[in-house]
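Peer 1: Sharing a structure with you now.
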Amino acid sequence: MDKNKVEELVNKALEENTSLFLVDLTIDIESKILVTIDGDNGVPLKECIRVSRFVEGDLDREEEDYSIEVATPDIAKPIVMKRQYVKNIGRIVSVVTAEEKYEGTLAEVNEDNIVLTWKTREPKPVGKGKVTVDKTITLTYAEIKETKVKILFS
C-alpha cells in the first residue's frame, strides 16, 4: 500500500471541509489504514464516513486488500499539532517539559510558543496566611515534551 497515495487522497477529501485536518496516518503490514483527523470545531461522524468513502473510492481492492479506519484523536492522547493547540484555547491542559509539569488554561497560541495561565495560593509577602496569585508562563514548542487536554467532570 502506497502511503503517499493514501495521504494525497485523504488531503483531497479534507479540502471539501477546510475546518478539518490530518493528524496522523499509518498503514500496518496487513494493509490496515488508520487515519486520524481533527477539526477546528470538532469532527462529526458523517465527516469520518465521508473521508473513508472518498479514499475507498480511489483505491482498488482487487489490486490490494486493505481495511480503512477514519477516526478522531483519542482525548487521552497528547496534542501533536499546532492547530490542535489553537482548537483548545481556553481549555485546561497539562504540559510536561524536561524540568517541570504545568497545569493551567491554554490562554494563547502563536507560531513559536504557547501561554498558560493559572491561579495559585502563595504565602503573603508580609504577615500570616496565603493570597491567590495569577501565574503565567510562556513555553516554546521545543521545550514541550507532552501536552494533554484535561478531562473535567462536573
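So you can find residues: chains in the C-alpha cells are A, B, ... in the order shown, residues in each start at 1, and ligands are numbered from 1 in order.
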I want to know what sits within 7 Å of Ile79 (chain A), based on only C-alpha atoms, with residues of the same chain fewer than 2 positions away left out; could you give that as an mmCIF file with N, CA and C atoms, in the first residue's frame?
Peer 2:
data_model
loop_
_atom_site.group_PDB
_atom_site.id
_atom_site.type_symbol
_atom_site.label_atom_id
_atom_site.label_comp_id
_atom_site.auth_asym_id
_atom_site.auth_seq_id
_atom_site.Cartn_x
_atom_site.Cartn_y
_atom_site.Cartn_z
ATOM 1 N N LYS A 77 -4.923 11.088 24.352
ATOM 2 C CA LYS A 77 -3.642 11.194 23.645
ATOM 3 C C LYS A 77 -3.134 12.632 23.683
ATOM 4 N N MET A 81 -0.115 18.677 17.106
ATOM 5 C CA MET A 81 -0.003 19.710 16.073
ATOM 6 C C MET A 81 -0.370 21.082 16.628
ATOM 7 N N GLN A 84 -3.992 21.882 16.734
ATOM 8 C CA GLN A 84 -4.728 21.310 17.859
ATOM 9 C C GLN A 84 -4.626 22.222 19.087
ATOM 10 N N TYR A 85 -3.480 22.870 19.254
ATOM 11 C CA TYR A 85 -3.350 23.836 20.352
ATOM 12 C C TYR A 85 -4.369 24.960 20.172
ATOM 13 N N THR A 147 1.720 17.553 25.803
ATOM 14 C CA THR A 147 0.585 18.363 26.240
ATOM 15 C C THR A 147 -0.678 17.542 26.095
ATOM 16 N N LYS A 148 -1.455 17.474 27.175
ATOM 17 C CA LYS A 148 -2.720 16.775 27.144
ATOM 18 C C LYS A 148 -3.824 17.687 27.654
#
Peer 1: Which neighbours of Ser31 (chain A) fall inside 10 Å, counting only C-alpha atoms, when residues of the same chain fewer than 3 positions from it are skipped, and could you give them as a PDB file with N, CA and C atoms, in the first residue's frame?
Peer 2:
ATOM      1  N   MET A   1       0.859  -1.185   0.000  1.00  0.00           N
ATOM      2  CA  MET A   1       0.000   0.000   0.000  1.00  0.00           C
ATOM      3  C   MET A   1       0.898   1.238   0.000  1.00  0.00           C
ATOM      4  N   ASP A   2       0.636   2.143  -0.902  1.00  0.00           N
ATOM      5  CA  ASP A   2       1.426   3.363  -1.042  1.00  0.00           C
ATOM      6  C   ASP A   2       0.895   4.442  -0.092  1.00  0.00           C
ATOM      7  N   LYS A   3       1.652   4.728   0.968  1.00  0.00           N
ATOM      8  CA  LYS A   3       1.226   5.701   1.973  1.00  0.00           C
ATOM      9  C   LYS A   3       1.059   7.096   1.375  1.00  0.00           C
ATOM     10  N   THR A  26      -1.331   6.028   9.418  1.00  0.00           N
ATOM     11  CA  THR A  26      -0.433   4.874   9.492  1.00  0.00           C
ATOM     12  C   THR A  26      -1.035   3.737   8.661  1.00  0.00           C
ATOM     13  N   ILE A  27      -0.148   2.936   8.120  1.00  0.00           N
ATOM     14  CA  ILE A  27      -0.550   1.738   7.391  1.00  0.00           C
ATOM     15  C   ILE A  27       0.312   0.603   7.927  1.00  0.00           C
ATOM     16  N   ASP A  28      -0.338  -0.407   8.513  1.00  0.00           N
ATOM     17  CA  ASP A  28       0.454  -1.503   9.077  1.00  0.00           C
ATOM     18  C   ASP A  28       0.774  -2.549   8.004  1.00  0.00           C
ATOM     19  N   LEU A  34      -5.017   3.450   9.081  1.00  0.00           N
ATOM     20  CA  LEU A  34      -5.570   4.170  10.227  1.00  0.00           C
ATOM     21  C   LEU A  34      -5.373   5.659   9.998  1.00  0.00           C
ATOM     22  N   GLU A  64      -5.098  -4.571  -4.204  1.00  0.00           N
ATOM     23  CA  GLU A  64      -4.533  -4.847  -2.885  1.00  0.00           C
ATOM     24  C   GLU A  64      -5.644  -4.841  -1.846  1.00  0.00           C
ATOM     25  N   ASP A  65      -5.663  -5.889  -1.020  1.00  0.00           N
ATOM     26  CA  ASP A  65      -6.670  -5.985   0.033  1.00  0.00           C
ATOM     27  C   ASP A  65      -6.261  -5.072   1.186  1.00  0.00           C
ATOM     28  N   TYR A  66      -7.199  -4.308   1.697  1.00  0.00           N
ATOM     29  CA  TYR A  66      -6.904  -3.374   2.780  1.00  0.00           C
ATOM     30  C   TYR A  66      -8.156  -3.145   3.604  1.00  0.00           C
ATOM     31  N   SER A  67      -7.976  -2.548   4.770  1.00  0.00           N
ATOM     32  CA  SER A  67      -9.100  -2.053   5.561  1.00  0.00           C
ATOM     33  C   SER A  67      -8.756  -0.614   5.924  1.00  0.00           C
ATOM     34  N   ILE A  68      -9.791   0.189   6.167  1.00  0.00           N
ATOM     35  CA  ILE A  68      -9.553   1.587   6.488  1.00  0.00           C
ATOM     36  C   ILE A  68     -10.410   1.985   7.685  1.00  0.00           C
TER      37      ILE A  68
END
Peer 1: What's the 10 Å shell around Asp24 (chain A), counting only C-alpha atoms, without same-chain residues fewer than 3 positions away, as a ChimeraX atom specification?
Peer 2: /A:7,21,34-38,71-73,80-81
Peer 1: Keeping N, CA and C atoms for every residue in the selection just given, could you write it to a file as a compact mmCIF listing (two decimals), in the first residue's frame?
Peer 2:
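Dumped to part.txt:
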# COMPACT_ATOMS: atom_id res chain seq x y z
N GLU A 7 -2.27 9.31 1.62
CA GLU A 7 -2.23 10.64 2.23
C GLU A 7 -2.76 11.71 1.26
N PHE A 21 -8.48 18.66 9.48
CA PHE A 21 -7.07 18.49 9.15
C PHE A 21 -6.58 17.11 9.56
N LEU A 34 -5.02 3.45 9.08
CA LEU A 34 -5.57 4.17 10.23
C LEU A 34 -5.37 5.66 10.00
N VAL A 35 -6.47 6.38 9.82
CA VAL A 35 -6.43 7.81 9.56
C VAL A 35 -7.03 8.52 10.77
N THR A 36 -6.29 9.50 11.30
CA THR A 36 -6.80 10.30 12.41
C THR A 36 -6.94 11.73 11.90
N ILE A 37 -8.19 12.24 11.97
CA ILE A 37 -8.45 13.61 11.55
C ILE A 37 -9.02 14.39 12.73
N ASP A 38 -8.80 15.68 12.72
CA ASP A 38 -9.35 16.55 13.74
C ASP A 38 -9.97 17.75 13.04
N ALA A 71 -10.84 8.05 12.14
CA ALA A 71 -11.29 8.38 13.49
C ALA A 71 -10.77 9.75 13.90
N THR A 72 -11.26 10.20 15.05
CA THR A 72 -10.79 11.45 15.63
C THR A 72 -9.77 11.11 16.71
N PRO A 73 -8.96 12.09 17.13
CA PRO A 73 -7.95 11.81 18.14
C PRO A 73 -8.58 11.38 19.46
N VAL A 80 -0.52 16.91 19.19
CA VAL A 80 0.68 16.72 18.36
C VAL A 80 0.90 17.82 17.32
N MET A 81 -0.12 18.68 17.11
CA MET A 81 0.00 19.71 16.07
C MET A 81 -0.37 21.08 16.63
Peer 1: Skipping near chain neighbours, those fewer than 3 positions away, what residues fall within 6 Å of region 137-143 of chain A using only C-alpha atoms, listed as an MDAnalysis selection string?
Peer 2: chainID A and resid 97 112:116
Peer 1: So, with only C-alpha atoms as the atoms that count, which of A:Val55, A:Ile92, A:Ile144, A:Ile49 lies closest to Ala13 (chain A)?
Peer 2: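 Residue with the minimum atom-to-atom distance to Ala13 (chain A): A:Val55.
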Peer 1: Residues of region 62-150 of chain A in helix (DSSP H, G or I) according to DSSP, as JSON, numbers by chain?
Peer 2: {"A": [82, 83, 84, 85, 86, 87]}
Peer 1: As a ChimeraX atom specification, please: the residues near Val96 (chain A) (cut-off 7 Å, only C-alpha atoms, same-chain neighbours under 4 positions excluded).
Peer 2: /A:100-102,144-147
Peer 1: Suppose we keep N, CA and C atoms; can you now write the selection as a compact mmCIF listing (two decimals), in the first residue's frame?
Peer 2:
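File result-v1.txt, as written:
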# COMPACT_ATOMS: atom_id res chain seq x y z
N GLU A 100 9.81 20.48 34.35
CA GLU A 100 8.64 20.63 35.21
C GLU A 100 7.35 20.25 34.50
N LYS A 101 6.29 20.13 35.32
CA LYS A 101 4.95 19.87 34.79
C LYS A 101 4.08 21.06 35.18
N TYR A 102 3.32 21.58 34.21
CA TYR A 102 2.44 22.72 34.45
C TYR A 102 1.01 22.31 34.13
N ILE A 144 8.42 21.75 25.06
CA ILE A 144 7.30 20.89 25.44
C ILE A 144 7.57 19.45 25.03
N LYS A 145 7.48 18.56 26.02
CA LYS A 145 7.60 17.13 25.74
C LYS A 145 6.23 16.52 25.45
N GLU A 146 5.20 17.01 26.18
CA GLU A 146 3.86 16.47 26.00
C GLU A 146 2.82 17.45 26.53
N THR A 147 1.72 17.55 25.80
CA THR A 147 0.59 18.36 26.24
C THR A 147 -0.68 17.54 26.10
Peer 1: I need the strand (DSSP E or B) residues of chain A per DSSP on the backbone, written as a PDB file with N, CA and C atoms, in the first residue's frame.
Peer 2:
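What landed in states-v6.pdb:
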ATOM      1  N   LEU A  20     -11.315  20.797   8.780  1.00  0.00           N
ATOM      2  CA  LEU A  20     -10.728  19.503   9.141  1.00  0.00           C
ATOM      3  C   LEU A  20      -9.261  19.446   8.725  1.00  0.00           C
ATOM      4  N   PHE A  21      -8.480  18.657   9.482  1.00  0.00           N
ATOM      5  CA  PHE A  21      -7.073  18.490   9.148  1.00  0.00           C
ATOM      6  C   PHE A  21      -6.582  17.106   9.556  1.00  0.00           C
ATOM      7  N   LEU A  22      -5.564  16.643   8.850  1.00  0.00           N
ATOM      8  CA  LEU A  22      -4.973  15.329   9.107  1.00  0.00           C
ATOM      9  C   LEU A  22      -4.018  15.412  10.282  1.00  0.00           C
ATOM     10  N   VAL A  23      -4.202  14.523  11.249  1.00  0.00           N
ATOM     11  CA  VAL A  23      -3.323  14.464  12.413  1.00  0.00           C
ATOM     12  C   VAL A  23      -2.315  13.332  12.248  1.00  0.00           C
ATOM     13  N   ASP A  24      -2.789  12.174  11.794  1.00  0.00           N
ATOM     14  CA  ASP A  24      -1.900  11.023  11.679  1.00  0.00           C
ATOM     15  C   ASP A  24      -2.434  10.053  10.626  1.00  0.00           C
ATOM     16  N   LEU A  25      -1.517   9.360   9.984  1.00  0.00           N
ATOM     17  CA  LEU A  25      -1.861   8.341   9.006  1.00  0.00           C
ATOM     18  C   LEU A  25      -0.842   7.223   9.130  1.00  0.00           C
ATOM     19  N   THR A  26      -1.331   6.028   9.418  1.00  0.00           N
ATOM     20  CA  THR A  26      -0.433   4.874   9.492  1.00  0.00           C
ATOM     21  C   THR A  26      -1.035   3.737   8.661  1.00  0.00           C
ATOM     22  N   ILE A  27      -0.148   2.936   8.120  1.00  0.00           N
ATOM     23  CA  ILE A  27      -0.550   1.738   7.391  1.00  0.00           C
ATOM     24  C   ILE A  27       0.312   0.603   7.927  1.00  0.00           C
ATOM     25  N   LYS A  32      -3.735  -2.328   6.938  1.00  0.00           N
ATOM     26  CA  LYS A  32      -4.799  -1.656   7.692  1.00  0.00           C
ATOM     27  C   LYS A  32      -4.435  -0.177   7.743  1.00  0.00           C
ATOM     28  N   ILE A  33      -5.298   0.647   7.144  1.00  0.00           N
ATOM     29  CA  ILE A  33      -5.064   2.088   7.067  1.00  0.00           C
ATOM     30  C   ILE A  33      -5.772   2.734   8.260  1.00  0.00           C
ATOM     31  N   LEU A  34      -5.017   3.450   9.081  1.00  0.00           N
ATOM     32  CA  LEU A  34      -5.570   4.170  10.227  1.00  0.00           C
ATOM     33  C   LEU A  34      -5.373   5.659   9.998  1.00  0.00           C
ATOM     34  N   VAL A  35      -6.468   6.376   9.820  1.00  0.00           N
ATOM     35  CA  VAL A  35      -6.434   7.810   9.557  1.00  0.00           C
ATOM     36  C   VAL A  35      -7.025   8.523  10.774  1.00  0.00           C
ATOM     37  N   THR A  36      -6.290   9.501  11.302  1.00  0.00           N
ATOM     38  CA  THR A  36      -6.798  10.302  12.406  1.00  0.00           C
ATOM     39  C   THR A  36      -6.941  11.729  11.899  1.00  0.00           C
ATOM     40  N   ILE A  37      -8.188  12.242  11.970  1.00  0.00           N
ATOM     41  CA  ILE A  37      -8.452  13.613  11.547  1.00  0.00           C
ATOM     42  C   ILE A  37      -9.025  14.390  12.728  1.00  0.00           C
ATOM     43  N   ASP A  38      -8.804  15.681  12.715  1.00  0.00           N
ATOM     44  CA  ASP A  38      -9.351  16.551  13.744  1.00  0.00           C
ATOM     45  C   ASP A  38      -9.967  17.751  13.045  1.00  0.00           C
ATOM     46  N   GLY A  39     -10.697  18.536  13.789  1.00  0.00           N
ATOM     47  CA  GLY A  39     -11.337  19.703  13.211  1.00  0.00           C
ATOM     48  C   GLY A  39     -11.292  20.874  14.160  1.00  0.00           C
ATOM     49  N   ASP A  40     -11.288  22.061  13.606  1.00  0.00           N
ATOM     50  CA  ASP A  40     -11.252  23.264  14.427  1.00  0.00           C
ATOM     51  C   ASP A  40     -12.478  23.352  15.328  1.00  0.00           C
ATOM     52  N   GLY A  42     -14.403  20.392  16.080  1.00  0.00           N
ATOM     53  CA  GLY A  42     -14.797  19.002  16.246  1.00  0.00           C
ATOM     54  C   GLY A  42     -14.974  18.335  14.892  1.00  0.00           C
ATOM     55  N   SER A  67      -7.976  -2.548   4.770  1.00  0.00           N
ATOM     56  CA  SER A  67      -9.100  -2.053   5.561  1.00  0.00           C
ATOM     57  C   SER A  67      -8.756  -0.614   5.924  1.00  0.00           C
ATOM     58  N   ILE A  68      -9.791   0.189   6.167  1.00  0.00           N
ATOM     59  CA  ILE A  68      -9.553   1.587   6.488  1.00  0.00           C
ATOM     60  C   ILE A  68     -10.410   1.985   7.685  1.00  0.00           C
ATOM     61  N   GLU A  69      -9.791   2.759   8.566  1.00  0.00           N
ATOM     62  CA  GLU A  69     -10.490   3.292   9.732  1.00  0.00           C
ATOM     63  C   GLU A  69     -10.170   4.779   9.817  1.00  0.00           C
ATOM     64  N   VAL A  70     -11.193   5.614   9.803  1.00  0.00           N
ATOM     65  CA  VAL A  70     -11.024   7.052   9.950  1.00  0.00           C
ATOM     66  C   VAL A  70     -11.640   7.429  11.288  1.00  0.00           C
ATOM     67  N   ALA A  71     -10.836   8.050  12.144  1.00  0.00           N
ATOM     68  CA  ALA A  71     -11.290   8.382  13.490  1.00  0.00           C
ATOM     69  C   ALA A  71     -10.769   9.751  13.904  1.00  0.00           C
ATOM     70  N   ILE A  92      -8.279  23.662  29.953  1.00  0.00           N
ATOM     71  CA  ILE A  92      -7.212  23.361  30.898  1.00  0.00           C
ATOM     72  C   ILE A  92      -6.361  22.236  30.311  1.00  0.00           C
ATOM     73  N   VAL A  93      -5.051  22.461  30.288  1.00  0.00           N
ATOM     74  CA  VAL A  93      -4.125  21.478  29.745  1.00  0.00           C
ATOM     75  C   VAL A  93      -3.033  21.169  30.762  1.00  0.00           C
ATOM     76  N   SER A  94      -2.437  20.014  30.602  1.00  0.00           N
ATOM     77  CA  SER A  94      -1.289  19.596  31.388  1.00  0.00           C
ATOM     78  C   SER A  94      -0.101  19.546  30.435  1.00  0.00           C
ATOM     79  N   VAL A  95       0.947  20.311  30.755  1.00  0.00           N
ATOM     80  CA  VAL A  95       2.113  20.403  29.878  1.00  0.00           C
ATOM     81  C   VAL A  95       3.341  19.890  30.632  1.00  0.00           C
ATOM     82  N   VAL A  96       4.055  18.964  30.019  1.00  0.00           N
ATOM     83  CA  VAL A  96       5.270  18.410  30.607  1.00  0.00           C
ATOM     84  C   VAL A  96       6.462  18.926  29.817  1.00  0.00           C
ATOM     85  N   THR A  97       7.440  19.491  30.542  1.00  0.00           N
ATOM     86  CA  THR A  97       8.707  19.892  29.935  1.00  0.00           C
ATOM     87  C   THR A  97       9.790  19.012  30.548  1.00  0.00           C
ATOM     88  N   LYS A 101       6.292  20.126  35.315  1.00  0.00           N
ATOM     89  CA  LYS A 101       4.954  19.871  34.790  1.00  0.00           C
ATOM     90  C   LYS A 101       4.076  21.059  35.181  1.00  0.00           C
ATOM     91  N   TYR A 102       3.321  21.575  34.211  1.00  0.00           N
ATOM     92  CA  TYR A 102       2.439  22.720  34.448  1.00  0.00           C
ATOM     93  C   TYR A 102       1.008  22.315  34.127  1.00  0.00           C
ATOM     94  N   GLU A 103       0.080  22.906  34.864  1.00  0.00           N
ATOM     95  CA  GLU A 103      -1.328  22.709  34.559  1.00  0.00           C
ATOM     96  C   GLU A 103      -2.000  24.062  34.625  1.00  0.00           C
ATOM     97  N   GLY A 104      -2.657  24.425  33.545  1.00  0.00           N
ATOM     98  CA  GLY A 104      -3.317  25.716  33.512  1.00  0.00           C
ATOM     99  C   GLY A 104      -4.184  25.858  32.285  1.00  0.00           C
ATOM    100  N   THR A 105      -4.761  27.030  32.138  1.00  0.00           N
ATOM    101  CA  THR A 105      -5.601  27.328  30.992  1.00  0.00           C
ATOM    102  C   THR A 105      -4.724  27.729  29.817  1.00  0.00           C
ATOM    103  N   LEU A 106      -4.962  27.111  28.682  1.00  0.00           N
ATOM    104  CA  LEU A 106      -4.236  27.470  27.463  1.00  0.00           C
ATOM    105  C   LEU A 106      -4.793  28.819  27.005  1.00  0.00           C
ATOM    106  N   ALA A 107      -4.035  29.872  27.259  1.00  0.00           N
ATOM    107  CA  ALA A 107      -4.524  31.238  27.036  1.00  0.00           C
ATOM    108  C   ALA A 107      -4.198  31.773  25.650  1.00  0.00           C
ATOM    109  N   GLU A 108      -3.063  31.347  25.105  1.00  0.00           N
ATOM    110  CA  GLU A 108      -2.610  31.924  23.842  1.00  0.00           C
ATOM    111  C   GLU A 108      -1.748  30.909  23.102  1.00  0.00           C
ATOM    112  N   VAL A 109      -1.850  30.936  21.787  1.00  0.00           N
ATOM    113  CA  VAL A 109      -1.043  30.071  20.926  1.00  0.00           C
ATOM    114  C   VAL A 109      -0.555  30.925  19.776  1.00  0.00           C
ATOM    115  N   ASN A 113       5.250  29.642  20.342  1.00  0.00           N
ATOM    116  CA  ASN A 113       5.050  29.201  21.717  1.00  0.00           C
ATOM    117  C   ASN A 113       3.582  29.204  22.125  1.00  0.00           C
ATOM    118  N   ILE A 114       3.357  28.729  23.357  1.00  0.00           N
ATOM    119  CA  ILE A 114       2.029  28.773  23.961  1.00  0.00           C
ATOM    120  C   ILE A 114       2.135  29.523  25.282  1.00  0.00           C
ATOM    121  N   VAL A 115       1.006  30.037  25.755  1.00  0.00           N
ATOM    122  CA  VAL A 115       0.960  30.737  27.034  1.00  0.00           C
ATOM    123  C   VAL A 115      -0.079  30.050  27.910  1.00  0.00           C
ATOM    124  N   LEU A 116       0.353  29.682  29.123  1.00  0.00           N
ATOM    125  CA  LEU A 116      -0.540  29.079  30.108  1.00  0.00           C
ATOM    126  C   LEU A 116      -0.773  30.072  31.234  1.00  0.00           C
ATOM    127  N   THR A 117      -1.996  30.061  31.784  1.00  0.00           N
ATOM    128  CA  THR A 117      -2.295  30.879  32.959  1.00  0.00           C
ATOM    129  C   THR A 117      -2.970  29.995  34.002  1.00  0.00           C
ATOM    130  N   TRP A 118      -2.742  30.315  35.263  1.00  0.00           N
ATOM    131  CA  TRP A 118      -3.393  29.595  36.349  1.00  0.00           C
ATOM    132  C   TRP A 118      -3.324  30.437  37.610  1.00  0.00           C
ATOM    133  N   LYS A 119      -4.109  30.040  38.595  1.00  0.00           N
ATOM    134  CA  LYS A 119      -4.096  30.704  39.895  1.00  0.00           C
ATOM    135  C   LYS A 119      -3.485  29.748  40.900  1.00  0.00           C
ATOM    136  N   THR A 120      -2.737  30.323  41.846  1.00  0.00           N
ATOM    137  CA  THR A 120      -2.128  29.507  42.891  1.00  0.00           C
ATOM    138  C   THR A 120      -2.174  30.271  44.208  1.00  0.00           C
ATOM    139  N   ARG A 121      -2.104  29.545  45.285  1.00  0.00           N
ATOM    140  CA  ARG A 121      -2.075  30.156  46.614  1.00  0.00           C
ATOM    141  C   ARG A 121      -0.621  30.200  47.076  1.00  0.00           C
ATOM    142  N   GLU A 122      -0.190  31.385  47.483  1.00  0.00           N
ATOM    143  CA  GLU A 122       1.183  31.572  47.957  1.00  0.00           C
ATOM    144  C   GLU A 122       1.152  32.323  49.283  1.00  0.00           C
ATOM    145  N   PRO A 123       2.198  32.136  50.098  1.00  0.00           N
ATOM    146  CA  PRO A 123       2.262  32.880  51.366  1.00  0.00           C
ATOM    147  C   PRO A 123       2.272  34.389  51.110  1.00  0.00           C
ATOM    148  N   LYS A 130      -2.272  33.091  53.295  1.00  0.00           N
ATOM    149  CA  LYS A 130      -1.935  32.957  51.879  1.00  0.00           C
ATOM    150  C   LYS A 130      -2.800  33.895  51.056  1.00  0.00           C
ATOM    151  N   VAL A 131      -2.313  34.164  49.861  1.00  0.00           N
ATOM    152  CA  VAL A 131      -3.014  35.033  48.936  1.00  0.00           C
ATOM    153  C   VAL A 131      -3.050  34.322  47.571  1.00  0.00           C
ATOM    154  N   THR A 132      -4.131  34.535  46.810  1.00  0.00           N
ATOM    155  CA  THR A 132      -4.241  33.953  45.476  1.00  0.00           C
ATOM    156  C   THR A 132      -3.479  34.826  44.483  1.00  0.00           C
ATOM    157  N   VAL A 133      -2.624  34.170  43.691  1.00  0.00           N
ATOM    158  CA  VAL A 133      -1.769  34.880  42.743  1.00  0.00           C
ATOM    159  C   VAL A 133      -2.019  34.323  41.338  1.00  0.00           C
ATOM    160  N   ASP A 134      -2.119  35.213  40.353  1.00  0.00           N
ATOM    161  CA  ASP A 134      -2.220  34.796  38.950  1.00  0.00           C
ATOM    162  C   ASP A 134      -0.824  34.521  38.423  1.00  0.00           C
ATOM    163  N   LYS A 135      -0.662  33.357  37.789  1.00  0.00           N
ATOM    164  CA  LYS A 135       0.631  32.975  37.209  1.00  0.00           C
ATOM    165  C   LYS A 135       0.476  32.827  35.702  1.00  0.00           C
ATOM    166  N   THR A 136       1.541  33.103  34.989  1.00  0.00           N
ATOM    167  CA  THR A 136       1.580  32.957  33.537  1.00  0.00           C
ATOM    168  C   THR A 136       2.952  32.424  33.151  1.00  0.00           C
ATOM    169  N   ILE A 137       2.970  31.518  32.202  1.00  0.00           N
ATOM    170  CA  ILE A 137       4.247  31.040  31.665  1.00  0.00           C
ATOM    171  C   ILE A 137       4.117  30.902  30.156  1.00  0.00           C
ATOM    172  N   THR A 138       5.191  31.261  29.464  1.00  0.00           N
ATOM    173  CA  THR A 138       5.276  31.095  28.021  1.00  0.00           C
ATOM    174  C   THR A 138       6.250  29.958  27.758  1.00  0.00           C
ATOM    175  N   LEU A 139       5.810  28.968  26.999  1.00  0.00           N
ATOM    176  CA  LEU A 139       6.641  27.805  26.677  1.00  0.00           C
ATOM    177  C   LEU A 139       6.777  27.673  25.166  1.00  0.00           C
ATOM    178  N   THR A 140       8.004  27.468  24.709  1.00  0.00           N
ATOM    179  CA  THR A 140       8.208  27.235  23.276  1.00  0.00           C
ATOM    180  C   THR A 140       7.862  25.782  22.968  1.00  0.00           C
ATOM    181  N   ILE A 144       8.417  21.752  25.062  1.00  0.00           N
ATOM    182  CA  ILE A 144       7.297  20.888  25.438  1.00  0.00           C
ATOM    183  C   ILE A 144       7.567  19.445  25.033  1.00  0.00           C
ATOM    184  N   LYS A 145       7.480  18.561  26.019  1.00  0.00           N
ATOM    185  CA  LYS A 145       7.602  17.132  25.740  1.00  0.00           C
ATOM    186  C   LYS A 145       6.231  16.522  25.448  1.00  0.00           C
ATOM    187  N   GLU A 146       5.200  17.015  26.179  1.00  0.00           N
ATOM    188  CA  GLU A 146       3.859  16.467  26.003  1.00  0.00           C
ATOM    189  C   GLU A 146       2.822  17.447  26.530  1.00  0.00           C
ATOM    190  N   THR A 147       1.720  17.553  25.803  1.00  0.00           N
ATOM    191  CA  THR A 147       0.585  18.363  26.240  1.00  0.00           C
ATOM    192  C   THR A 147      -0.678  17.542  26.095  1.00  0.00           C
ATOM    193  N   LYS A 148      -1.455  17.474  27.175  1.00  0.00           N
ATOM    194  CA  LYS A 148      -2.720  16.775  27.144  1.00  0.00           C
ATOM    195  C   LYS A 148      -3.824  17.687  27.654  1.00  0.00           C
ATOM    196  N   VAL A 149      -4.969  17.585  27.024  1.00  0.00           N
ATOM    197  CA  VAL A 149      -6.135  18.328  27.487  1.00  0.00           C
ATOM    198  C   VAL A 149      -6.679  17.598  28.706  1.00  0.00           C
TER     199      VAL A 149
END
Peer 1: Determine the nearest neighbour of Asp60 (chain A) from the options A:Val6, A:Phe153, A:Leu14, A:Lys124, counting only C-alpha atoms.
Peer 2: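 Once distances to Asp60 (chain A) are computed over only C-alpha atoms, the minimum belongs to A:Val6.
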Peer 1: Taking into account only C-alpha atoms, which residue in the set A:Leu45, A:Ile89, A:Ile75, A:Leu59 is nearest to Asn110 (chain A)?
Peer 2: A:Ile89
Peer 1: Rank nothing, just name the residue among A:Arg83, A:Arg91, A:Lys128, A:Lys150 nearest to Ser19 (chain A), using only C-alpha atoms.
Peer 2: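 Going through A:Arg83, A:Arg91, A:Lys128, A:Lys150 one by one, the smallest distance to Ser19 (chain A) is for A:Arg83.
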Peer 1: If we count only C-alpha atoms and set the cut-off at 12 Å, which residues sit around Gly57 (chain A), ignoring sequence neighbours fewer than 4 positions away in its own chain? Please answer as a PyMOL selection string.
Peer 2: chain A and resi 6+9-10+13+50-53+61+68
Peer 1: Once you have the residues from the selection above, write them out as a compact mmCIF listing (two decimals), in the first residue's frame, restricted to N, CA and C atoms.
Peer 2:
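Wrote part.txt, looks like this:
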# COMPACT_ATOMS: atom_id res chain seq x y z
N VAL A 6 -2.29 7.33 -0.37
CA VAL A 6 -3.39 7.39 0.60
C VAL A 6 -3.44 8.77 1.25
N LEU A 9 -4.96 11.23 -1.08
CA LEU A 9 -6.41 11.06 -1.15
C LEU A 9 -7.10 11.65 0.08
N VAL A 10 -6.53 11.42 1.25
CA VAL A 10 -7.11 11.97 2.49
C VAL A 10 -7.10 13.49 2.43
N ALA A 13 -9.76 14.75 0.18
CA ALA A 13 -11.07 14.66 0.83
C ALA A 13 -11.26 15.78 1.85
N ARG A 50 -17.43 10.17 5.32
CA ARG A 50 -17.19 10.77 4.00
C ARG A 50 -15.73 10.61 3.58
N VAL A 51 -14.80 10.87 4.50
CA VAL A 51 -13.37 10.73 4.19
C VAL A 51 -13.04 9.28 3.88
N SER A 52 -13.57 8.36 4.66
CA SER A 52 -13.33 6.94 4.44
C SER A 52 -13.82 6.51 3.05
N ARG A 53 -15.03 6.92 2.70
CA ARG A 53 -15.59 6.54 1.40
C ARG A 53 -14.83 7.19 0.25
N ARG A 61 -9.56 -2.61 -4.40
CA ARG A 61 -9.44 -3.80 -3.54
C ARG A 61 -8.96 -5.01 -4.34
N ILE A 68 -9.79 0.19 6.17
CA ILE A 68 -9.55 1.59 6.49
C ILE A 68 -10.41 1.98 7.68
Peer 1: For a quick check of understanding, using only C-alpha atoms, which of A:Asn17, A:Asn41, A:Glu56, A:Gly129 has the smallest distance to Asn88 (chain A)?
Peer 2: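 Nearest to Asn88 (chain A): A:Asn41.
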